[in-house]
Every structure is written in C-alpha cells, then in structure tokens.
file final-v7.cif (mmCIF, C-alpha atoms)
data_final
loop_
_atom_site.group_PDB
_atom_site.id
_atom_site.type_symbol
_atom_site.label_atom_id
_atom_site.label_comp_id
_atom_site.auth_asym_id
_atom_site.auth_seq_id
_atom_site.Cartn_x
_atom_site.Cartn_y
_atom_site.Cartn_z
ATOM 1 C CA MET C 1 55.894 12.831 29.107
ATOM 2 C CA LYS C 2 59.526 12.317 28.121
ATOM 3 C CA LYS C 3 58.474 10.493 24.933
ATOM 4 C CA ILE C 4 56.095 13.325 24.030
ATOM 5 C CA PHE C 5 58.864 15.887 24.514
ATOM 6 C CA ILE C 6 61.269 13.894 22.315
ATOM 7 C CA TYR C 7 58.585 13.549 19.639
ATOM 8 C CA ILE C 8 57.894 17.305 19.642
ATOM 9 C CA PHE C 9 61.633 18.095 19.622
ATOM 10 C CA TYR C 10 62.357 15.947 16.572
ATOM 11 C CA SER C 11 59.176 17.108 14.853
ATOM 12 C CA LEU C 12 60.310 20.708 15.194
ATOM 13 C CA ILE C 13 63.725 19.859 13.764
ATOM 14 C CA PHE C 14 62.156 18.006 10.847
ATOM 15 C CA THR C 15 59.698 20.837 10.189
ATOM 16 C CA SER C 16 62.517 23.388 10.309
ATOM 17 C CA VAL C 17 64.550 21.471 7.739
ATOM 18 C CA GLN C 18 61.559 20.985 5.461
ATOM 19 C CA ALA C 19 60.668 24.671 5.759
ATOM 20 C CA GLN C 20 63.954 25.650 4.120
ATOM 21 C CA ASN C 21 62.134 25.287 0.788
ATOM 22 C CA THR C 22 59.041 27.463 0.697
ATOM 23 C CA SER C 23 56.669 28.258 -2.149
ATOM 24 C CA ARG C 24 55.759 31.942 -2.407
ATOM 25 C CA THR C 25 53.781 34.221 -4.720
ATOM 26 C CA ILE C 26 53.925 37.889 -5.619
ATOM 27 C CA THR C 27 51.719 39.920 -7.926
ATOM 28 C CA VAL C 28 53.460 41.688 -10.789
ATOM 29 C CA ASP C 29 51.613 43.548 -13.560
ATOM 30 C CA GLY C 30 48.369 41.997 -12.345
ATOM 31 C CA LEU C 31 49.710 38.434 -12.642
ATOM 32 C CA GLN C 32 50.320 36.015 -9.785
ATOM 33 C CA ARG C 33 53.944 34.970 -10.076
ATOM 34 C CA ASP C 34 55.253 31.924 -8.240
ATOM 35 C CA TYR C 35 58.687 31.062 -6.918
ATOM 36 C CA ILE C 36 60.391 28.709 -4.494
ATOM 37 C CA ILE C 37 62.906 30.030 -1.997
ATOM 38 C CA HIS C 38 65.593 27.959 -0.260
ATOM 39 C CA LEU C 39 67.133 29.423 2.889
ATOM 40 C CA PRO C 40 70.344 27.967 4.353
ATOM 41 C CA PRO C 41 70.368 26.856 8.013
ATOM 42 C CA SER C 42 72.528 29.910 8.810
ATOM 43 C CA PHE C 43 69.777 32.294 7.661
ATOM 44 C CA ASN C 44 68.846 33.510 11.147
ATOM 45 C CA THR C 45 72.448 34.077 12.212
ATOM 46 C CA LEU C 46 73.715 36.198 9.312
ATOM 47 C CA LYS C 47 72.861 39.756 8.305
ATOM 48 C CA LYS C 48 73.206 39.412 4.527
ATOM 49 C CA LEU C 49 73.525 36.435 2.212
ATOM 50 C CA PRO C 50 74.432 36.020 -1.450
ATOM 51 C CA LEU C 51 71.524 35.096 -3.708
ATOM 52 C CA ILE C 52 71.329 32.812 -6.730
ATOM 53 C CA PHE C 53 68.397 32.904 -9.126
ATOM 54 C CA ALA C 54 68.209 29.348 -10.529
ATOM 55 C CA LEU C 55 66.258 29.730 -13.764
ATOM 56 C CA HIS C 56 64.544 26.697 -15.274
ATOM 57 C CA GLY C 57 64.817 25.836 -18.949
ATOM 58 C CA GLY C 58 62.036 26.035 -21.528
ATOM 59 C CA GLY C 59 59.202 23.690 -20.577
ATOM 60 C CA GLY C 60 60.484 23.458 -17.011
ATOM 61 C CA THR C 61 59.188 24.768 -13.695
ATOM 62 C CA ALA C 62 60.559 25.991 -10.384
ATOM 63 C CA GLU C 63 59.874 22.554 -8.888
ATOM 64 C CA SER C 64 61.741 20.742 -11.654
ATOM 65 C CA ALA C 65 64.656 23.175 -11.290
ATOM 66 C CA VAL C 66 65.003 22.299 -7.589
ATOM 67 C CA ARG C 67 65.560 18.653 -8.495
ATOM 68 C CA PHE C 68 67.513 19.234 -11.697
ATOM 69 C CA TYR C 69 70.188 21.666 -10.506
ATOM 70 C CA ASP C 70 70.826 20.013 -7.122
ATOM 71 C CA LEU C 71 72.203 23.231 -5.616
ATOM 72 C CA GLU C 72 70.876 23.115 -2.095
ATOM 73 C CA SER C 73 73.597 21.190 -0.267
ATOM 74 C CA LEU C 74 76.130 23.613 -1.765
ATOM 75 C CA ALA C 75 73.917 26.552 -0.772
ATOM 76 C CA ASP C 76 73.711 25.290 2.817
ATOM 77 C CA LYS C 77 77.455 24.717 3.000
ATOM 78 C CA ASN C 78 78.324 28.150 1.599
ATOM 79 C CA ASN C 79 75.471 30.232 3.062
ATOM 80 C CA PHE C 80 73.607 31.133 -0.143
ATOM 81 C CA ILE C 81 69.928 31.797 -0.715
ATOM 82 C CA ILE C 82 68.531 30.034 -3.792
ATOM 83 C CA VAL C 83 65.415 31.332 -5.533
ATOM 84 C CA TYR C 84 63.669 29.297 -8.233
ATOM 85 C CA PRO C 85 61.261 31.564 -10.154
ATOM 86 C CA ASP C 86 58.474 30.221 -12.381
ATOM 87 C CA ALA C 87 57.997 31.525 -15.914
ATOM 88 C CA VAL C 88 54.502 32.034 -17.296
ATOM 89 C CA LYS C 89 53.612 29.050 -19.508
ATOM 90 C CA LYS C 90 57.047 27.551 -18.766
ATOM 91 C CA ALA C 91 59.043 29.898 -21.010
ATOM 92 C CA TRP C 92 60.887 33.106 -20.127
ATOM 93 C CA SER C 93 59.870 36.071 -22.253
ATOM 94 C CA ILE C 94 63.109 37.391 -23.771
ATOM 95 C CA PRO C 95 62.953 40.252 -26.299
ATOM 96 C CA GLY C 96 64.681 39.217 -29.506
ATOM 97 C CA MET C 97 64.738 35.513 -28.604
ATOM 98 C CA ALA C 98 62.229 33.049 -30.047
ATOM 99 C CA SER C 99 61.046 30.068 -27.987
ATOM 100 C CA ARG C 100 60.526 26.400 -28.792
ATOM 101 C CA VAL C 101 57.784 26.288 -26.151
ATOM 102 C CA LYS C 102 54.336 26.637 -27.692
ATOM 103 C CA GLY C 103 52.104 29.381 -26.360
ATOM 104 C CA LEU C 104 54.853 31.765 -25.250
ATOM 105 C CA ASP C 105 53.217 34.974 -24.010
ATOM 106 C CA SER C 106 55.593 37.666 -25.240
ATOM 107 C CA THR C 107 53.512 40.366 -23.496
ATOM 108 C CA VAL C 108 54.692 39.113 -20.080
ATOM 109 C CA ASN C 109 57.298 41.443 -18.613
ATOM 110 C CA ASP C 110 59.715 39.005 -16.992
ATOM 111 C CA LEU C 111 62.254 41.783 -16.516
ATOM 112 C CA HIS C 112 59.791 43.612 -14.249
ATOM 113 C CA PHE C 113 59.089 40.329 -12.458
ATOM 114 C CA MET C 114 62.772 39.711 -11.756
ATOM 115 C CA ASN C 115 63.383 43.268 -10.551
ATOM 116 C CA THR C 116 60.379 43.033 -8.241
ATOM 117 C CA LEU C 117 61.439 39.599 -7.012
ATOM 118 C CA LEU C 118 64.937 40.877 -6.269
ATOM 119 C CA ASP C 119 63.475 43.836 -4.358
ATOM 120 C CA THR C 120 61.443 41.341 -2.314
ATOM 121 C CA MET C 121 64.496 39.194 -1.550
ATOM 122 C CA ILE C 122 66.492 42.224 -0.389
ATOM 123 C CA ALA C 123 63.673 43.672 1.718
ATOM 124 C CA ASN C 124 62.412 40.463 3.328
ATOM 125 C CA TYR C 125 65.082 37.759 3.110
ATOM 126 C CA LYS C 126 68.447 39.431 3.788
ATOM 127 C CA ALA C 127 69.660 39.057 0.202
ATOM 128 C CA ASP C 128 72.863 41.002 -0.337
ATOM 129 C CA PRO C 129 72.289 43.440 -3.249
ATOM 130 C CA ALA C 130 76.031 43.313 -3.995
ATOM 131 C CA LYS C 131 75.992 39.522 -4.496
ATOM 132 C CA VAL C 132 73.184 38.605 -6.896
ATOM 133 C CA PHE C 133 73.829 35.729 -9.308
ATOM 134 C CA CYS C 134 71.910 33.974 -12.090
ATOM 135 C CA THR C 135 72.301 30.496 -13.517
ATOM 136 C CA GLY C 136 70.338 28.091 -15.654
ATOM 137 C CA ILE C 137 70.372 25.679 -18.563
ATOM 138 C CA SER C 138 68.987 26.212 -22.074
ATOM 139 C CA ARG C 139 66.362 28.998 -21.943
ATOM 140 C CA GLY C 140 67.366 29.542 -18.313
ATOM 141 C CA ALA C 141 70.872 30.269 -19.615
ATOM 142 C CA MET C 142 69.468 32.515 -22.344
ATOM 143 C CA PHE C 143 67.459 34.421 -19.734
ATOM 144 C CA SER C 144 70.623 34.763 -17.634
ATOM 145 C CA TYR C 145 72.396 36.383 -20.601
ATOM 146 C CA TYR C 146 69.426 38.711 -21.055
ATOM 147 C CA LEU C 147 69.397 39.737 -17.393
ATOM 148 C CA ALA C 148 73.149 40.404 -17.459
ATOM 149 C CA ASP C 149 72.350 43.079 -20.038
ATOM 150 C CA ALA C 150 68.911 44.308 -18.935
ATOM 151 C CA MET C 151 69.617 44.239 -15.163
ATOM 152 C CA ASN C 152 73.311 44.950 -15.533
ATOM 153 C CA SER C 153 73.588 47.242 -12.511
ATOM 154 C CA ARG C 154 71.905 44.675 -10.248
ATOM 155 C CA ILE C 155 73.465 41.376 -11.386
ATOM 156 C CA THR C 156 76.883 40.432 -10.017
ATOM 157 C CA ALA C 157 77.700 37.462 -12.278
ATOM 158 C CA ILE C 158 76.031 34.750 -14.352
ATOM 159 C CA ALA C 159 76.720 31.088 -15.123
ATOM 160 C CA ALA C 160 75.067 29.933 -18.349
ATOM 161 C CA VAL C 161 74.888 26.254 -19.359
ATOM 162 C CA CYS C 162 73.899 25.170 -22.888
ATOM 163 C CA GLY C 163 72.708 28.633 -23.834
ATOM 164 C CA GLY C 164 73.400 31.565 -26.105
ATOM 165 C CA ILE C 165 72.040 34.757 -27.604
ATOM 166 C CA SER C 166 70.305 35.271 -30.934
ATOM 167 C CA ASN C 167 71.593 37.283 -33.865
ATOM 168 C CA THR C 168 68.846 39.798 -33.099
ATOM 169 C CA GLN C 169 70.035 40.235 -29.516
ATOM 170 C CA ALA C 170 73.680 40.358 -30.558
ATOM 171 C CA GLN C 171 73.102 43.578 -32.516
ATOM 172 C CA THR C 172 72.383 45.561 -29.341
ATOM 173 C CA TYR C 173 73.775 43.301 -26.594
ATOM 174 C CA PHE C 174 75.875 45.365 -24.220
ATOM 175 C CA LEU C 175 77.248 45.092 -20.693
ATOM 176 C CA LYS C 176 77.391 48.665 -19.440
ATOM 177 C CA THR C 177 79.271 47.439 -16.401
ATOM 178 C CA PRO C 178 81.523 44.409 -17.062
ATOM 179 C CA LEU C 179 80.524 41.362 -15.033
ATOM 180 C CA PRO C 180 81.944 37.855 -14.611
ATOM 181 C CA VAL C 181 80.454 35.200 -16.875
ATOM 182 C CA LEU C 182 80.816 31.410 -16.799
ATOM 183 C CA ILE C 183 79.888 29.658 -20.056
ATOM 184 C CA ILE C 184 79.509 25.859 -20.281
ATOM 185 C CA ASN C 185 78.606 24.537 -23.740
ATOM 186 C CA GLY C 186 79.021 21.210 -25.498
ATOM 187 C CA THR C 187 80.165 20.615 -29.069
ATOM 188 C CA GLY C 188 77.600 17.809 -29.451
ATOM 189 C CA ASP C 189 74.555 19.821 -28.334
ATOM 190 C CA PRO C 190 71.803 19.318 -30.961
ATOM 191 C CA LEU C 191 69.487 21.987 -29.473
ATOM 192 C CA VAL C 192 71.892 24.875 -28.889
ATOM 193 C CA LYS C 193 74.431 24.089 -31.571
ATOM 194 C CA TYR C 194 78.058 24.873 -30.859
ATOM 195 C CA ASP C 195 78.447 26.328 -34.362
ATOM 196 C CA GLY C 196 75.268 28.400 -34.027
ATOM 197 C CA GLY C 197 72.004 28.289 -35.936
ATOM 198 C CA TYR C 198 68.532 27.034 -35.110
ATOM 199 C CA GLY C 199 68.954 23.633 -33.473
ATOM 200 C CA THR C 200 67.315 20.373 -34.472
ATOM 201 C CA LEU C 201 64.116 20.795 -32.421
ATOM 202 C CA ASN C 202 63.392 24.370 -33.499
ATOM 203 C CA LYS C 203 61.891 23.714 -36.923
ATOM 204 C CA ARG C 204 58.899 26.017 -36.482
ATOM 205 C CA ASN C 205 61.220 28.994 -35.896
ATOM 206 C CA ARG C 206 63.541 28.381 -38.855
ATOM 207 C CA GLY C 207 64.143 31.555 -40.814
ATOM 208 C CA ASP C 208 63.425 33.710 -37.740
ATOM 209 C CA GLU C 209 66.495 35.743 -36.815
ATOM 210 C CA ASN C 210 65.280 35.630 -33.202
ATOM 211 C CA ALA C 211 65.941 31.876 -33.185
ATOM 212 C CA ASP C 212 69.255 31.976 -35.063
ATOM 213 C CA LEU C 213 71.919 31.734 -32.344
ATOM 214 C CA LEU C 214 75.498 32.936 -32.413
ATOM 215 C CA SER C 215 78.107 30.218 -32.405
ATOM 216 C CA THR C 216 79.555 29.509 -28.966
ATOM 217 C CA GLU C 217 82.976 30.783 -29.978
ATOM 218 C CA ASP C 218 81.517 34.042 -31.314
ATOM 219 C CA LEU C 219 79.540 34.392 -28.094
ATOM 220 C CA VAL C 220 82.662 33.896 -25.973
ATOM 221 C CA LYS C 221 84.549 36.471 -28.056
ATOM 222 C CA LYS C 222 81.705 38.966 -27.652
ATOM 223 C CA ILE C 223 81.502 38.555 -23.861
ATOM 224 C CA VAL C 224 85.295 38.742 -23.535
ATOM 225 C CA LEU C 225 85.305 41.977 -25.549
ATOM 226 C CA LEU C 226 82.433 43.510 -23.559
ATOM 227 C CA ASP C 227 84.175 42.602 -20.295
ATOM 228 C CA HIS C 228 87.464 44.127 -21.496
ATOM 229 C CA CYS C 229 89.322 40.887 -20.832
ATOM 230 C CA LYS C 230 92.537 39.741 -22.456
ATOM 231 C CA ALA C 231 91.876 38.050 -25.802
ATOM 232 C CA VAL C 232 94.306 35.194 -25.096
ATOM 233 C CA PRO C 233 93.071 32.868 -22.326
ATOM 234 C CA GLN C 234 94.783 30.646 -19.824
ATOM 235 C CA THR C 235 93.925 27.114 -20.936
ATOM 236 C CA HIS C 236 93.937 23.770 -19.174
ATOM 237 C CA SER C 237 92.259 20.387 -19.462
ATOM 238 C CA LEU C 238 89.848 19.103 -16.841
ATOM 239 C CA PRO C 239 90.445 15.605 -15.429
ATOM 240 C CA ASN C 240 88.776 12.852 -17.456
ATOM 241 C CA THR C 241 87.297 11.188 -14.375
ATOM 242 C CA ASP C 242 84.792 9.093 -16.364
ATOM 243 C CA PRO C 243 86.461 7.732 -19.512
ATOM 244 C CA TYR C 244 83.200 6.063 -20.548
ATOM 245 C CA ASP C 245 81.057 9.202 -20.931
ATOM 246 C CA GLY C 246 82.667 10.043 -24.279
ATOM 247 C CA CYS C 247 83.409 13.631 -23.228
ATOM 248 C CA ILE C 248 86.619 15.604 -22.779
ATOM 249 C CA GLU C 249 86.682 19.107 -21.305
ATOM 250 C CA SER C 250 88.919 22.148 -21.646
ATOM 251 C CA GLU C 251 88.661 25.313 -19.557
ATOM 252 C CA TYR C 252 89.560 28.762 -20.878
ATOM 253 C CA ILE C 253 90.019 31.652 -18.441
ATOM 254 C CA TYR C 254 90.005 35.210 -19.793
ATOM 255 C CA ASP C 255 91.231 37.759 -17.258
ATOM 256 C CA GLY C 256 90.360 41.440 -17.117
ATOM 257 C CA ASN C 257 90.315 44.269 -14.612
ATOM 258 C CA ASN C 258 88.712 42.485 -11.634
ATOM 259 C CA VAL C 259 86.444 40.594 -14.064
ATOM 260 C CA LYS C 260 86.821 37.049 -15.355
ATOM 261 C CA VAL C 261 85.197 35.151 -18.206
ATOM 262 C CA ALA C 262 85.422 31.366 -17.888
ATOM 263 C CA PHE C 263 84.490 29.022 -20.721
ATOM 264 C CA ILE C 264 84.279 25.255 -20.305
ATOM 265 C CA LYS C 265 84.146 23.507 -23.672
ATOM 266 C CA ILE C 266 82.787 19.966 -23.474
ATOM 267 C CA GLU C 267 83.914 17.954 -26.494
ATOM 268 C CA ASN C 268 80.965 15.709 -27.523
ATOM 269 C CA GLY C 269 78.857 17.134 -24.681
ATOM 270 C CA GLY C 270 75.113 17.431 -25.251
ATOM 271 C CA HIS C 271 72.255 19.573 -24.009
ATOM 272 C CA THR C 272 72.753 18.428 -20.434
ATOM 273 C CA TRP C 273 73.818 19.607 -16.969
ATOM 274 C CA ALA C 274 77.259 18.090 -16.384
ATOM 275 C CA GLY C 275 77.287 15.662 -13.475
ATOM 276 C CA GLY C 276 73.484 15.552 -13.501
ATOM 277 C CA THR C 277 71.108 13.093 -15.128
ATOM 278 C CA GLN C 278 70.441 11.971 -18.705
ATOM 279 C CA TYR C 279 66.896 13.302 -18.459
ATOM 280 C CA LEU C 280 66.031 12.506 -22.085
ATOM 281 C CA PRO C 281 67.578 9.983 -24.533
ATOM 282 C CA LYS C 282 70.955 10.677 -26.129
ATOM 283 C CA PHE C 283 69.436 10.836 -29.616
ATOM 284 C CA LEU C 284 67.500 13.920 -28.478
ATOM 285 C CA LEU C 285 69.996 15.646 -26.182
ATOM 286 C CA GLY C 286 73.429 14.203 -26.875
ATOM 287 C CA ARG C 287 75.871 12.938 -24.272
ATOM 288 C CA LEU C 288 75.889 13.660 -20.532
ATOM 289 C CA CYS C 289 79.315 14.721 -19.269
ATOM 290 C CA LYS C 290 80.163 12.957 -16.002
ATOM 291 C CA ASP C 291 83.694 14.279 -15.542
ATOM 292 C CA PHE C 292 82.681 17.226 -13.370
ATOM 293 C CA SER C 293 79.692 18.752 -11.600
ATOM 294 C CA ALA C 294 78.209 21.844 -13.233
ATOM 295 C CA SER C 295 76.614 22.673 -9.868
ATOM 296 C CA GLN C 296 80.018 22.733 -8.175
ATOM 297 C CA LYS C 297 81.550 24.770 -11.010
ATOM 298 C CA VAL C 298 78.741 27.314 -10.741
ATOM 299 C CA PHE C 299 79.288 27.712 -7.002
ATOM 300 C CA ASP C 300 83.065 27.865 -7.325
ATOM 301 C CA PHE C 301 82.730 30.580 -9.948
ATOM 302 C CA PHE C 302 80.267 32.677 -7.974
ATOM 303 C CA MET C 303 82.329 32.368 -4.808
ATOM 304 C CA SER C 304 85.428 33.540 -6.695
ATOM 305 C CA VAL C 305 83.743 36.854 -7.552
ATOM 306 C CA LYS C 306 85.074 39.669 -5.382
#
call {"tool": "encode", "arguments": {"input": "final-v7.cif", "output": "structure tokens"}}
result
Amino acid sequence: MKKIFIYIFYSLIFTSVQAQNTSRTITVDGLQRDYIIHLPPSFNTLKKLPLIFALHGGGGTAESAVRFYDLESLADKNNFIIVYPDAVKKAWSIPGMASRVKGLDSTVNDLHFMNTLLDTMIANYKADPAKVFCTGISRGAMFSYYLADAMNSRITAIAAVCGGISNTQAQTYFLKTPLPVLIINGTGDPLVKYDGGYGTLNKRNRGDENADLLSTEDLVKKIVLLDHCKAVPQTHSLPNTDPYDGCIESEYIYDGNNVKVAFIKIENGGHTWAGGTQYLPKFLLGRLCKDFSASQKVFDFFMSVK
C-alpha cells in the first residue's frame, strides 16, 4: 500500500510539471489557431502574471520556439506566463512585409488572432493586461515590431532579435504610445542585413519594397525618435566571455520619459539567438554569439519595465 501511495504521489508531481506546457486551440475568423501555453509553478498562488508572447521565426512553429528560445526556466523563476502562438503556414501575415516562406496566406488576420489570444489569456489564465510582452527572432521579431504599432495600447514592450521593418512599413510606422524596445542585431547577418536591403536568401522578393528592410541603425534612430528618447545613448561593451566565437558586443541605452530603447550590436554576429545553438551552418546564417544569453537579456529587459 505504501509503495502504491508513493507511486501515485510522484506520478502526480511528474504530471503536474509536464502539464505546465499545454497545447490549446481557439477559433478566429473561422480558422483553428494553435498555441502552446507555459504556466509557472506559482500560477495557482498569484492573482496576475506578466505574459510573454514568444513568436517563432519564418518556417518555424510553436513547438520549435519552445526549444529554440529556452525561456521556461526563466519564466518559472520570475513568475511569467509564456505563450507560443502558431502562424498559419509557418509565416506571420504582416501588412507591408514580404515573406521568404512560400505559400504565405496574406488574407489571414494575425492581428485579430493576437488580440483574441490576449483576451483569452487575460480572461482564463490570469495574464496581467498591464504587462504584455512580445519577443522573437527573424519574422518573429518583425511581427513584434508590427504588434508594437498595431496593438500599441495593449503591448507593454518588445524584444526583437535579428529583425527589422520594411521601407513600406517605415512610411506609416508609428508608436502612438511610446513603449520600451530591445533590439539585438548582428553586423554579419546575411538574412536581415545590418545595412538594410533584401538579404541573401530573399531572391524571389528582390525589387519588392515590402522586402527591402531599413538598416539597423536607421531602425534604431526611428524607434528612438518615436519613443522620444535622448538621441545620444549611454554606451558600454559587454564582456567577451567566449573569445573564440568571433563576436564582440556593444550595448547602447537611449533614455526617455519612463521609456528606454536598448540596442545590442553584435559585431560579426549572424542570424542567430545569442547563447543558443548554431541551428544551421555558418555559411547560411553567420556566426553564433556565445558571449551572452539573448533569453536572459530579454527577461532582464522586460523585468526592468515599470
């Protein structure tokens, strides 16, 4: 009897831990939309929790984002909910932004999906409507920029890695309410080029203004201006903890009225998530920075938002 009790006890613990990641669906505009939700162990003891939408890149999925971003231990430690939404056909539909992913369905209203998903998180999962964050790499970063504009009154801050906005978007891009933005881009990124343009793997969209990205420095200047931050940043170098990764990082902090723009420039950094994995060869993506963890930087930035 004692052995049975112990078995049931540990089974319940194991099941509880495993249940922290749950696949869910909602119907939006007649489409079944999928997402994965991660709840911290403190979920049942707290009234409201901050929420991060972790947005996969083009060609990715919610499941791949769980593994790629490695956010959950930080979420558990700091009492955050993480939601990993799935795009239709693996590419977020962003007005004014072309996609490398074939078969993009531009009729999908991902803005409506995200608003509905946020409503669901607030109503059913204790998400704090005053602490809603977005992060992602590549098209996940681009979608984060889009949501900062399109859902401006509902998004608290974003952290965008290896992303940007197109020249088409830039013409009307506006942050009605200034919000904190963390930008992490590498100078050796062949897909989202530091100096702007189309990127080496975007040949089929060449000549399309929707695929022609602003340079990173022009993007930073635009966000700093929209957030009414000081034009001259505080600058410091990050520790070169791995001298063999070929990367060196500088951080630029632009202060404003209760709003901060942070830009981490990775010299020689590629289209990668710093501190993560070299998920494709260097000749395709460029170098992986190992000097810091992008996951930790994202959390530190979001937690610094008042």
call {"tool": "residues_around", "arguments": {"input": "final-v7.cif", "residues": "Leu219 of chain C", "least_positions_apart": "4", "cutoff": "8 Å", "atoms": "only C-alpha atoms", "output": "number ranges by chain"}}
result
C: 164-165, 214-215, 223
call {"tool": "residues_around", "arguments": {"input": "final-v7.cif", "residues": "Ala211 of chain C", "least_positions_apart": "6", "cutoff": "6 Å", "atoms": "all atoms listed in the file", "output": "list in words"}}
result
Met97, Ala98, Ser166 and Tyr198 of chain C
call {"tool": "residues_around", "arguments": {"input": "final-v7.cif", "residues": "segment 178-180 of chain C", "least_positions_apart": "3", "cutoff": "12 Å", "atoms": "all atoms listed in the file", "output": "MDAnalysis selection string"}}
result
chainID C and resid 131:134 145 147:149 151:160 174:175 183 222:229 253:263 298 301:306
call {"tool": "closest_residue", "arguments": {"input": "final-v7.cif", "among": "C:Ile266, C:Met121, C:Leu39, C:Ala127", "to": "Asn185 of chain C", "atoms": "all atoms listed in the file"}}
result
C:Ile266
call {"tool": "resolve_selection", "arguments": {"input": "final-v7.cif", "expression": "the PyMOL selection byres ((chain C and resi 125) around 12)", "output": "list in words"}}
result
Ile37, His38, Leu39, Pro40, Phe43, Asn44, Leu46, Lys47, Lys48, Leu49, Pro50, Leu51, Phe80, Ile81, Ile82, Val83, Leu117, Leu118, Asp119, Thr120, Met121, Ile122, Ala123, Asn124, Lys126, Ala127, Asp128 and Pro129 of chain C
call {"tool": "atom_distance", "arguments": {"input": "final-v7.cif", "atom1": "atom CA of Asp195 of chain C", "atom2": "atom CA of Thr216 of chain C"}}
result
6.4 Å
call {"tool": "closest_residue", "arguments": {"input": "final-v7.cif", "among": "C:Lys290, C:Lys193, C:Lys90, C:Lys102", "to": "Glu63 of chain C", "atoms": "all atoms listed in the file"}}
result
C:Lys90
call {"tool": "residues_around", "arguments": {"input": "final-v7.cif", "residues": "Asn240 of chain C", "least_positions_apart": "4", "cutoff": "10 Å", "atoms": "all atoms listed in the file", "output": "list in words"}}
result
Tyr244, Asp245, Gly246, Cys247, Ile248, Glu249, Cys289, Lys290, Asp291 and Phe292 of chain C
call {"tool": "resolve_selection", "arguments": {"input": "final-v7.cif", "expression": "the PyMOL selection byres ((chain C and resi 103) around 9)", "output": "PyMOL selection string"}}
result
chain C and resi 89+91+101-102+104-105
call {"tool": "resolve_selection", "arguments": {"input": "final-v7.cif", "expression": "the PyMOL selection byres ((chain C and resi 142) around 9)", "output": "list in words"}}
result
Gly57, Trp92, Ile94, Met97, Gly136, Ile137, Ser138, Arg139, Gly140, Ala141, Phe143, Ser144, Tyr145, Tyr146, Leu147, Ala160, Val161, Cys162, Gly163, Gly164 and Ile165 of chain C
call {"tool": "atom_distance", "arguments": {"input": "final-v7.cif", "atom1": "atom CA of Ser64 of chain C", "atom2": "atom CA of Leu238 of chain C"}}
result
28.6 Å
